[in-house]
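File shown here: structure16.txt, holding compact mmCIF, C-alpha atoms and all ligand atoms.
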# COMPACT_ATOMS: atom_id res chain seq x y z
CA MET A 135 40.64 47.05 62.06
CA ILE A 136 42.45 48.37 58.99
CA ASN A 137 39.68 49.06 56.49
CA PHE A 138 40.27 48.75 52.73
CA TYR A 139 36.59 48.41 51.90
CA PRO A 140 35.70 50.75 49.02
CA GLY A 141 32.65 52.09 50.86
CA PRO A 142 31.60 52.44 53.55
CA SER A 143 35.26 52.93 54.15
CA LYS A 144 37.77 54.09 56.67
CA VAL A 145 36.88 57.44 58.20
CA TYR A 146 39.41 60.12 59.09
CA GLU A 147 41.00 59.48 62.45
CA LYS A 148 39.80 62.83 63.76
CA VAL A 149 36.15 61.95 63.23
CA PRO A 150 35.57 60.75 66.85
CA GLN A 151 36.98 64.04 68.15
CA TYR A 152 34.73 66.06 65.84
CA VAL A 153 31.66 64.01 66.73
CA ASN A 154 32.40 64.69 70.37
CA GLU A 155 32.84 68.40 69.67
CA ALA A 156 29.57 68.50 67.71
CA TYR A 157 27.78 66.97 70.67
CA HIS A 158 29.31 69.28 73.26
CA ASN A 159 28.79 72.41 71.17
CA ASN A 160 25.19 71.38 70.57
CA ILE A 161 25.71 71.27 66.79
CA VAL A 162 23.84 67.96 66.64
CA SER A 163 20.60 69.65 67.70
CA ILE A 164 20.74 72.95 65.84
CA ASN A 165 17.70 73.95 63.89
CA HIS A 166 18.18 73.71 60.13
CA ARG A 167 16.46 77.08 59.66
CA SER A 168 18.70 78.83 62.17
CA GLU A 169 21.42 81.37 61.40
CA GLU A 170 23.91 79.01 62.96
CA PHE A 171 23.05 76.30 60.44
CA VAL A 172 23.10 78.71 57.49
CA GLU A 173 26.57 79.87 58.50
CA MET A 174 27.86 76.30 58.72
CA SER A 175 26.24 75.29 55.44
CA LYS A 176 27.66 78.33 53.66
CA GLN A 177 31.12 77.75 55.02
CA THR A 178 31.06 74.05 54.06
CA ILE A 179 30.04 74.90 50.50
CA GLU A 180 32.78 77.51 50.22
CA LEU A 181 35.34 75.03 51.53
CA LEU A 182 34.16 72.42 49.01
CA LYS A 183 34.50 74.88 46.13
CA VAL A 184 37.99 75.93 47.11
CA ASN A 185 39.24 72.51 48.14
CA LEU A 186 37.90 70.55 45.16
CA ASN A 187 38.22 73.29 42.50
CA ILE A 188 34.51 73.56 41.86
CA PRO A 189 33.61 76.65 39.79
CA GLU A 190 32.13 79.48 41.82
CA ASN A 191 28.97 79.57 39.68
CA PHE A 192 28.11 75.89 40.31
CA THR A 193 25.52 75.07 42.99
CA ILE A 194 26.18 72.43 45.64
CA PHE A 195 23.31 70.63 47.39
CA PHE A 196 23.26 68.38 50.44
CA VAL A 197 21.29 65.22 49.71
CA ALA A 198 20.97 61.80 51.34
CA SER A 199 22.80 59.45 48.98
CA ALA A 200 24.19 58.91 45.50
CA THR A 201 21.17 56.70 44.87
CA GLU A 202 18.96 59.71 45.57
CA CYS A 203 20.93 61.66 42.96
CA TRP A 204 20.08 59.04 40.32
CA GLU A 205 16.41 59.77 41.03
CA ILE A 206 16.82 63.54 41.18
CA VAL A 207 18.46 63.50 37.74
CA ALA A 208 15.61 61.39 36.32
CA GLN A 209 12.80 63.38 37.94
CA SER A 210 14.10 66.90 37.56
CA LEU A 211 16.45 67.03 34.56
CA ILE A 212 15.66 64.45 31.88
CA ILE A 213 13.32 66.01 29.30
CA SER A 214 12.54 62.74 27.55
CA LYS A 215 15.63 60.71 26.83
CA SER A 216 18.71 59.60 28.74
CA ILE A 217 21.64 57.49 27.62
CA HIS A 218 23.61 55.53 30.19
CA TYR A 219 27.15 54.48 29.39
CA TYR A 220 28.21 51.71 31.75
CA ASN A 221 30.51 48.76 32.17
CA GLY A 222 29.64 47.65 35.70
CA ALA A 223 27.08 47.25 38.45
CA PHE A 224 26.70 50.87 39.60
CA GLY A 225 26.25 52.29 36.10
CA GLU A 226 23.69 49.59 35.37
CA LYS A 227 21.82 50.30 38.62
CA TRP A 228 21.64 53.96 37.65
CA PHE A 229 20.04 52.93 34.35
CA ASN A 230 17.62 50.58 36.14
CA TYR A 231 16.42 53.28 38.53
CA THR A 232 15.99 55.76 35.68
CA ASN A 233 14.23 53.20 33.53
CA LYS A 234 11.49 52.88 36.17
CA LEU A 235 10.90 56.63 36.17
CA ILE A 236 11.08 57.62 32.51
CA THR A 237 10.05 55.76 29.36
CA ASN A 238 13.02 56.55 27.20
CA ALA A 239 16.17 55.52 29.05
CA GLU A 240 18.72 53.73 26.94
CA LYS A 241 21.77 51.75 28.03
CA ARG A 242 25.06 51.49 26.20
CA HIS A 243 27.39 48.89 27.57
CA PHE A 244 31.13 48.98 26.97
CA SER A 245 33.70 46.45 28.07
CA ILE A 246 35.95 46.94 31.08
CA GLU A 247 39.00 46.99 28.78
CA GLU A 248 37.62 49.70 26.51
CA LYS A 249 37.46 53.45 26.73
CA LEU A 250 33.97 54.90 26.58
CA SER A 251 33.58 55.81 22.92
CA VAL A 252 32.49 59.35 22.34
CA GLU A 253 29.60 59.94 19.93
CA SER A 254 27.01 62.52 19.18
CA THR A 255 23.60 61.37 20.46
CA ASN A 256 19.97 62.48 20.65
CA ALA A 257 19.79 62.18 24.42
CA ASP A 258 19.03 65.20 26.57
CA VAL A 259 20.87 63.77 29.57
CA ILE A 260 23.95 61.57 29.26
CA CYS A 261 24.84 59.53 32.32
CA ILE A 262 28.40 58.45 33.02
CA THR A 263 29.73 56.51 35.99
CA GLN A 264 33.13 58.14 36.24
CA ASN A 265 34.56 55.63 38.70
CA GLU A 266 32.95 52.19 38.49
CA THR A 267 33.41 50.89 42.03
CA SER A 268 32.32 47.36 41.12
CA ASN A 269 35.23 46.66 38.77
CA GLY A 270 37.82 49.40 39.31
CA THR A 271 37.56 51.23 35.99
CA ALA A 272 37.47 54.99 35.45
CA VAL A 273 36.51 57.46 32.74
CA THR A 274 39.00 60.30 32.30
CA ASN A 275 38.28 64.02 32.53
CA GLU A 276 39.21 64.29 28.84
CA ILE A 277 36.56 61.80 27.76
CA ILE A 278 33.89 63.47 29.87
CA SER A 279 34.85 66.75 28.28
CA GLN A 280 34.63 65.24 24.78
CA VAL A 281 31.18 63.78 25.54
CA SER A 282 30.00 67.26 26.55
CA GLN A 283 31.49 68.84 23.43
CA SER A 284 29.89 66.25 21.15
CA ASN A 285 26.49 66.72 22.79
CA GLU A 286 26.14 70.45 23.26
CA ASP A 287 22.41 70.52 23.99
CA ALA A 288 22.55 67.65 26.46
CA LEU A 289 23.39 67.72 30.13
CA VAL A 290 26.18 65.37 31.12
CA ALA A 291 25.62 63.82 34.56
CA VAL A 292 28.49 62.09 36.32
CA ASP A 293 28.46 59.64 39.21
CA ALA A 294 31.81 60.24 40.91
CA THR A 295 30.90 58.57 44.19
CA SER A 296 34.14 56.65 44.69
CA SER A 297 36.52 59.25 43.25
CA MET A 298 35.38 62.73 44.27
CA ALA A 299 37.75 64.15 46.92
CA GLY A 300 40.31 61.49 45.99
CA VAL A 301 41.25 62.54 42.47
CA ALA A 302 41.02 65.88 40.66
CA LEU A 303 37.83 66.14 38.63
CA ASN A 304 37.32 68.73 35.93
CA PHE A 305 33.97 70.07 37.07
CA ILE A 306 33.43 72.44 34.14
CA ALA A 307 33.51 69.44 31.79
CA ALA A 308 30.03 68.27 32.89
CA ASP A 309 26.78 69.64 34.31
CA VAL A 310 25.86 67.35 37.18
CA TRP A 311 28.26 65.62 39.55
CA PHE A 312 27.50 63.66 42.67
CA ALA A 313 29.13 61.55 45.35
CA SER A 314 28.23 60.23 48.76
CA ILE A 315 30.60 60.94 51.61
CA GLN A 316 31.41 57.39 52.80
CA LYS A 317 34.09 56.87 50.16
CA CYS A 318 36.94 59.29 49.33
CA PHE A 319 35.61 61.93 51.74
CA GLY A 320 36.49 59.57 54.59
CA LEU A 321 33.27 60.16 56.55
CA PRO A 322 30.47 58.00 57.95
CA ALA A 323 27.67 57.18 55.47
CA GLY A 324 24.47 59.19 55.40
CA MET A 325 24.93 62.14 53.10
CA ALA A 326 25.85 62.96 49.51
CA LEU A 327 26.71 66.06 47.51
CA LEU A 328 24.98 67.01 44.29
CA ILE A 329 26.82 69.62 42.23
CA CYS A 330 25.13 71.42 39.33
CA SER A 331 26.34 73.75 36.60
CA PRO A 332 24.35 76.87 35.66
CA LYS A 333 23.12 74.94 32.59
CA ALA A 334 21.70 72.17 34.81
CA ILE A 335 20.09 74.72 37.15
CA ASN A 336 18.55 76.44 34.17
CA ARG A 337 17.17 73.16 32.81
CA ALA A 338 15.56 72.39 36.18
CA ILE A 339 13.94 75.82 36.32
CA VAL A 340 12.64 75.63 32.74
CA LEU A 341 11.21 72.12 33.27
CA ASP A 342 9.80 73.17 36.65
CA ARG A 343 9.09 69.62 37.77
CA ASN A 344 7.78 70.07 41.28
CA ASN A 345 6.11 66.88 42.45
CA HIS A 346 8.77 65.54 44.83
CA TYR A 347 10.22 66.78 48.10
CA ASN A 348 13.59 66.59 46.37
CA SER A 349 12.54 68.25 43.11
CA LEU A 350 15.52 70.28 42.04
CA VAL A 351 13.46 73.48 41.70
CA PHE A 352 12.66 73.35 45.43
CA MET A 353 16.23 72.53 46.31
CA ILE A 354 17.43 75.50 44.26
CA GLN A 355 15.04 77.85 46.07
CA LYS A 356 16.24 76.68 49.48
CA MET A 357 19.92 76.62 48.57
CA LYS A 358 19.74 80.32 47.66
CA ILE A 359 19.72 80.79 51.44
CA PHE A 360 22.03 77.78 52.10
CA GLN A 361 19.19 75.60 53.32
CA THR A 362 17.66 72.25 52.38
CA THR A 363 14.08 71.16 51.65
CA TYR A 364 14.18 68.66 54.53
CA THR A 365 16.02 68.31 57.85
CA PRO A 366 19.52 67.47 56.69
CA ASN A 367 22.27 65.40 58.26
CA VAL A 368 23.65 68.31 60.27
CA LEU A 369 26.30 66.15 61.93
CA ALA A 370 27.60 65.01 58.53
CA ILE A 371 27.75 68.61 57.30
CA TYR A 372 29.73 69.53 60.41
CA LEU A 373 32.13 66.60 59.95
CA LEU A 374 32.55 67.55 56.31
CA MET A 375 33.34 71.14 57.23
CA LYS A 376 35.87 70.12 59.89
CA THR A 377 37.66 67.54 57.73
CA LEU A 378 37.77 69.92 54.76
CA GLN A 379 39.57 72.43 56.98
CA ASP A 380 42.22 69.76 57.69
CA ARG A 381 42.53 68.52 54.14
CA ASP A 382 45.15 69.39 51.56
CA ALA A 383 43.91 70.89 48.30
CA ILE A 384 42.69 68.31 45.79
CA ASP A 385 45.79 68.62 43.59
CA VAL A 386 47.95 67.52 46.50
CA VAL A 387 45.56 64.67 47.41
CA HIS A 388 45.44 63.66 43.74
CA LYS A 389 49.20 63.34 43.63
CA LEU A 390 49.26 61.26 46.79
CA ILE A 391 46.53 58.93 45.51
CA THR A 392 48.19 58.59 42.11
CA ASN A 393 51.56 57.75 43.67
CA ARG A 394 50.01 55.22 46.01
CA PHE A 395 48.14 53.75 43.08
CA SER A 396 51.37 53.17 41.08
CA ASN A 397 52.82 51.54 44.14
CA TRP A 398 49.75 49.29 44.56
CA MET A 399 49.82 48.36 40.87
CA SER A 400 53.36 47.08 40.95
CA PHE A 401 52.73 45.47 44.32
CA VAL A 402 49.81 43.48 42.87
CA ASP A 403 52.01 42.42 39.95
CA SER A 404 54.38 40.88 42.47
CA LEU A 405 51.68 38.70 44.09
CA ASN A 406 51.64 35.06 42.97
CA GLY A 407 48.48 34.09 41.09
CA CYS A 408 46.95 37.56 41.35
CA THR A 409 46.34 39.91 38.44
CA HIS A 410 44.50 43.14 37.86
CA LEU A 411 40.95 42.43 36.72
CA VAL A 412 41.39 45.26 34.21
CA LYS A 413 44.35 44.64 31.91
CA ASN A 414 44.22 48.01 30.17
CA VAL A 415 46.21 50.38 32.39
CA ASN A 416 44.57 53.42 30.75
CA VAL A 417 41.09 52.61 32.03
CA ARG A 418 42.01 51.57 35.57
CA SER A 419 40.61 53.51 38.51
CA SER A 420 43.25 54.89 40.85
CA THR A 421 40.93 54.83 43.87
CA VAL A 422 39.55 51.29 43.67
CA LEU A 423 41.84 48.37 42.83
CA THR A 424 40.16 45.18 41.70
CA ILE A 425 42.33 42.10 41.84
CA THR A 426 41.44 38.75 40.41
CA THR A 427 42.57 35.34 41.58
CA GLU A 428 41.00 31.89 42.04
CA ALA A 429 37.73 31.93 43.99
CA HIS A 430 39.02 29.69 46.80
CA MET A 431 42.03 32.01 47.18
CA VAL A 432 39.72 35.02 47.50
CA THR A 433 37.75 33.30 50.27
CA SER A 434 40.75 32.20 52.31
CA LEU A 435 42.54 35.50 51.81
CA LYS A 436 39.59 37.48 53.16
CA GLU A 437 39.27 35.15 56.15
CA ASN A 438 42.96 35.34 56.99
CA ALA A 439 42.94 39.10 56.54
CA LYS A 440 40.05 39.46 58.97
CA ILE A 441 41.97 37.51 61.59
CA ALA A 442 44.94 39.80 61.00
CA GLY A 443 42.70 42.83 61.53
CA ILE A 444 42.50 43.83 57.87
CA LEU A 445 39.22 44.28 56.05
CA ILE A 446 39.51 43.63 52.32
CA GLY A 447 36.69 44.59 49.95
CA ASN A 448 34.52 41.81 48.53
CA GLY A 449 34.14 41.43 44.81
CA TYR A 450 30.95 43.01 43.50
CA GLY A 451 28.22 41.91 41.11
CA GLU A 452 29.47 39.62 38.35
CA TRP A 453 32.99 39.78 39.81
CA GLU A 454 31.87 38.78 43.30
CA SER A 455 33.58 35.39 43.64
CA ASN A 456 36.87 35.79 41.78
CA THR A 457 37.97 39.27 42.78
CA PHE A 458 38.70 41.29 45.86
CA ARG A 459 38.91 45.06 46.03
CA ILE A 460 41.23 47.45 47.77
CA ALA A 461 40.25 51.05 48.39
CA ASN A 462 42.95 53.61 47.72
CA PHE A 463 41.17 56.39 49.59
CA PRO A 464 42.86 59.40 51.22
CA ALA A 465 41.92 58.55 54.83
CA ILE A 466 44.02 55.37 54.71
CA THR A 467 47.51 55.90 56.14
CA GLU A 468 50.95 54.85 54.85
CA VAL A 469 51.42 52.64 57.90
CA GLU A 470 48.19 50.79 57.15
CA ILE A 471 49.22 50.29 53.54
CA ARG A 472 52.65 48.93 54.50
CA LYS A 473 51.18 46.62 57.11
CA SER A 474 48.63 45.24 54.69
CA GLN A 475 51.10 44.78 51.87
CA SER A 476 53.40 42.82 54.12
CA PHE A 477 50.43 40.70 55.24
CA LEU A 478 49.44 40.02 51.62
CA LEU A 479 52.99 39.06 50.69
CA ASP A 480 53.18 36.66 53.64
CA VAL A 481 49.89 34.95 52.87
CA ILE A 482 50.04 34.86 49.09
CA ASN A 483 53.74 34.45 48.27
CA LYS A 484 54.51 32.13 51.20
C1 LIG B 501 28.71 53.54 46.49
C2 LIG B 501 28.24 53.97 45.16
C3 LIG B 501 26.91 54.37 44.93
C4 LIG B 501 25.85 54.28 45.99
O1 LIG B 501 26.03 55.21 46.98
P1 LIG B 501 24.90 55.43 48.09
O2 LIG B 501 25.43 56.52 48.93
O3 LIG B 501 24.74 54.12 48.81
O4 LIG B 501 23.64 55.78 47.39
C5 LIG B 501 26.58 54.82 43.68
N1 LIG B 501 27.48 54.88 42.69
C6 LIG B 501 28.76 54.51 42.87
C7 LIG B 501 29.71 54.59 41.72
C8 LIG B 501 29.18 54.03 44.11
O5 LIG B 501 30.46 53.67 44.28
Give the structure from the file, written as structure tokens.
Ligand SMILES: *Cc1c(COP(=O)(O)O)cnc(C)c1O
Amino acid sequence: MINFYPGPSKVYEKVPQYVNEAYHNNIVSINHRSEEFVEMSKQTIELLKVNLNIPENFTIFFVASATECWEIVAQSLIISKSIHYYNGAFGEKWFNYTNKLITNAEKRHFSIEEKLSVESTNADVICITQNETSNGTAVTNEIISQVSQSNEDALVAVDATSSMAGVALNFIAADVWFASIQKCFGLPAGMALLICSPKAINRAIVLDRNNHYNSLVFMIQKMKIFQTTYTPNVLAIYLLMKTLQDRDAIDVVHKLITNRFSNWMSFVDSLNGCTHLVKNVNVRSSTVLTITTEAHMVTSLKENAKIAGILIGNGYGEWESNTFRIANFPAITEVEIRKSQSFLLDVINK
């Protein structure tokens, strides 16, 4: 099956080999307090910093999911007020989770055709969904940087779940970044990375909120020795380490993804009756394409694709019935893209 689902998505083709290796080398059963684990954890974090251009003084944590990160931000970093900029389902979910945990969460909706408008606010944490997987929009590094500059006392927290490891992110432009590994990292679901600036670490220590197993203060203590507060997904850490060793640096991956995205954009323009959900080219995501057409077309297209061995992403949330989504993630190969484009041309432009 060729998998264009924007998460869980296609995994790197070497994953079965690495899973096998992990089993035979007994990695799957190593103790998470052992020297062996610490060495692997340390190496994985170093690889992440080099490969993704994460500043040396940022701290990387292994957590269970992006959803968990929404809660960690709310429980460990928001002093009293958060503002959530969103234009789609994931950004709204982040607000909803936060709203259950703190009394002063505020949402600011913007349209899918608009850029997030930068303003100075009274929030102490500002939440941005950098790549909105539900509708295929993205917030640029420049805007994130401007939000930080206009809100110097606040922490800026960024959900980059469907873009991290696919496009180059400017980590110094914000304080908290997170992503789960079943999207651009090309790995099986079950782990996420939480990345914090020194300013975020300092906030967590000053607030000293310590009533959860995943309170950031505990996580910081453990990560000083490259460990976690719980038994982590050791297999996922191993797979991450192995695939990072194979991967090109993010600038190279970014170029590949951007080129493929231009190709996909013009390809979509050539499909009869199909248009990009987002008309404004400047706010389109390059890792998740969202294409709109008539609802009955979406249904028959997905069915035909399945028969042809191609999995196309469903629409999501309010765009469920009249859109389909195509992941432009690094683990997908050129051959798979060509095969799928020729299938789409056959079915749609017949
Ligand atoms: C997939 C996704 C999530 C949820 O990830 P989990 O690992 O299931 O928690 C959150 N935010 C965005 C933008 C996503 O694409």
* Using only C-alpha atoms and all ligand atoms, what are the residues with an atom within 6 Å of ligand LIG 501 (chain B), set out as a ChimeraX atom specification? -> /A:199-201,224,265-267,293,295-296,314
* Kindly indicate which residue among A:Asn304, A:Asn285, A:Asn269, A:Asn438 lies nearest to Ser419 of chain A, using all atoms listed in the file for the distances. => A:Asn269
* **Residue among A:Thr263, A:Asn191, A:Thr237, A:Ser404 lying closest to Asn483 of chain A, counting only C-alpha atoms** => A:Ser404
Please write as a compact mmCIF listing (two decimals) with C-alpha atoms, in the coordinates of the input the list of polymer residues whose atoms come within 10 Å of (30.4, 53.5, 26.7), counting all atoms listed in the file and keeping to the coordinates of the file.
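Result saved to result.txt:
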# COMPACT_ATOMS: atom_id res chain seq x y z
CA ILE A 217 21.64 57.49 27.62
CA HIS A 218 23.61 55.53 30.19
CA TYR A 219 27.15 54.48 29.39
CA TYR A 220 28.21 51.71 31.75
CA ASN A 221 30.51 48.76 32.17
CA LYS A 241 21.77 51.75 28.03
CA ARG A 242 25.06 51.49 26.20
CA HIS A 243 27.39 48.89 27.57
CA PHE A 244 31.13 48.98 26.97
CA SER A 245 33.70 46.45 28.07
CA ILE A 246 35.95 46.94 31.08
CA GLU A 248 37.62 49.70 26.51
CA LYS A 249 37.46 53.45 26.73
CA LEU A 250 33.97 54.90 26.58
CA SER A 251 33.58 55.81 22.92
CA VAL A 252 32.49 59.35 22.34
CA GLU A 253 29.60 59.94 19.93
CA CYS A 261 24.84 59.53 32.32
CA ILE A 262 28.40 58.45 33.02
CA THR A 263 29.73 56.51 35.99
CA VAL A 273 36.51 57.46 32.74
* Structure fact -> Expressed in Å, the length from atom CA of Gln151 of chain A to atom CA of Gly443 of chain A is 22.9 Å
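Closest to Val301 of chain A among A:Lys413, A:His166, A:His388, A:Arg381 is A:His388, based on only C-alpha atoms.
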* Structure fact -> Atom pair atom CA of Val292 of chain A + atom CA of Thr365 of chain A, distance 25.6 Å
